[in-house]
Amino acid sequence: MKTMITHFIKKHHLLTKQATVLVGVSGGPDSLALLHYLHSIRQEWEIRIIAVTVDHQLRGEASLEDLRYVKRFCKTWDIEFVGTSVDVPSYKKKHKLGTQLAARKLRYKFFEEQMELYNADLLMLGHHGDDQAETMLMRMVRSADSQALAGIPVKRDFATGAIVRPFLCVTKEQIWNYCEVHHIKPRLDPSNHETTYTRNYFRKHVLPLIKEKNSNIHTTIQHLSETLEADQAYLNRQAQEMVDTIVMFDKERCYRFHLKLSCLKRTHLLYKDGPFI
């Protein structure tokens, strides 16, 4: 598994030497395996690792103990640790959001603050190939838009650097095997088994059926995600080049552009707050 991840990192240019890397760590198998992997390559890549843990206050003392558990791991592995507690119940009520979305907003807000505080290059998260498959399957059910189907990005700009996900090339089973080999005992969140959440339903009932037909579906779907993302990036570049070529901006708050229709070249004006003239 380590070889696969290292190859994936190099293929997508997810890590550079001497980088400052924040790692989102919940205490579960995915994030602890990621933290251990980075710890194992720390000297080779000369990276600074900072584990960041957020207690969402959704499971009382149990979720707070997750934070303490990660802190103890970091002390054992000599890794810097930053932790916080956020009031998700109050935030979701105030902003009328679902639990998952409220937790995500507060979690990423804290991640952004820490990125800026440490002037970090990367925020690494432990999303894996099964997460990618679940995400794209859910989006296929909800939408037929190619942008929506692109899935979880391997890398995207964030705060002072970028979010990267080096585990998208491996499955949950492989991560569990990695934890077992390296004697890592993760903590488990019981809510991950509640099928009232759409993702958990797909995880428990849909993805296993697909894996019966193709055990490497995570690889297939990751390739599809990368292809769709590349296609969209190409279309965006072409659109921007077209705008740069034919659209002119002036001081009168209007845009000028040329159209060639039926060999008749015409210049049109489009005002920001008005109709064609």
# chains A, B, ... in the order shown; residues from 1 in each chain; ligands from 1

$ residues_around --residues "A:Met4" --least-positions-apart "5" --cutoff "12 Å" --atoms "only C-alpha atoms" --output "ChimeraX atom specification"
/A:9-11,37,166-171,174-175,219

$ select_by_dssp --residues "stretch 24-259 of chain A" --states "strand (DSSP E)" --output "PyMOL selection string"
chain A and resi 24+48-55+80-85+122-124+155-158+161-164+247-249+254-259

$ atom_distance --atom1 "atom CA of A:Leu122" --atom2 "atom CA of A:Phe110"
14.3 Å

$ atom_distance --atom1 "atom CA of A:Thr84" --atom2 "atom CA of A:Ser63"
11.2 Å
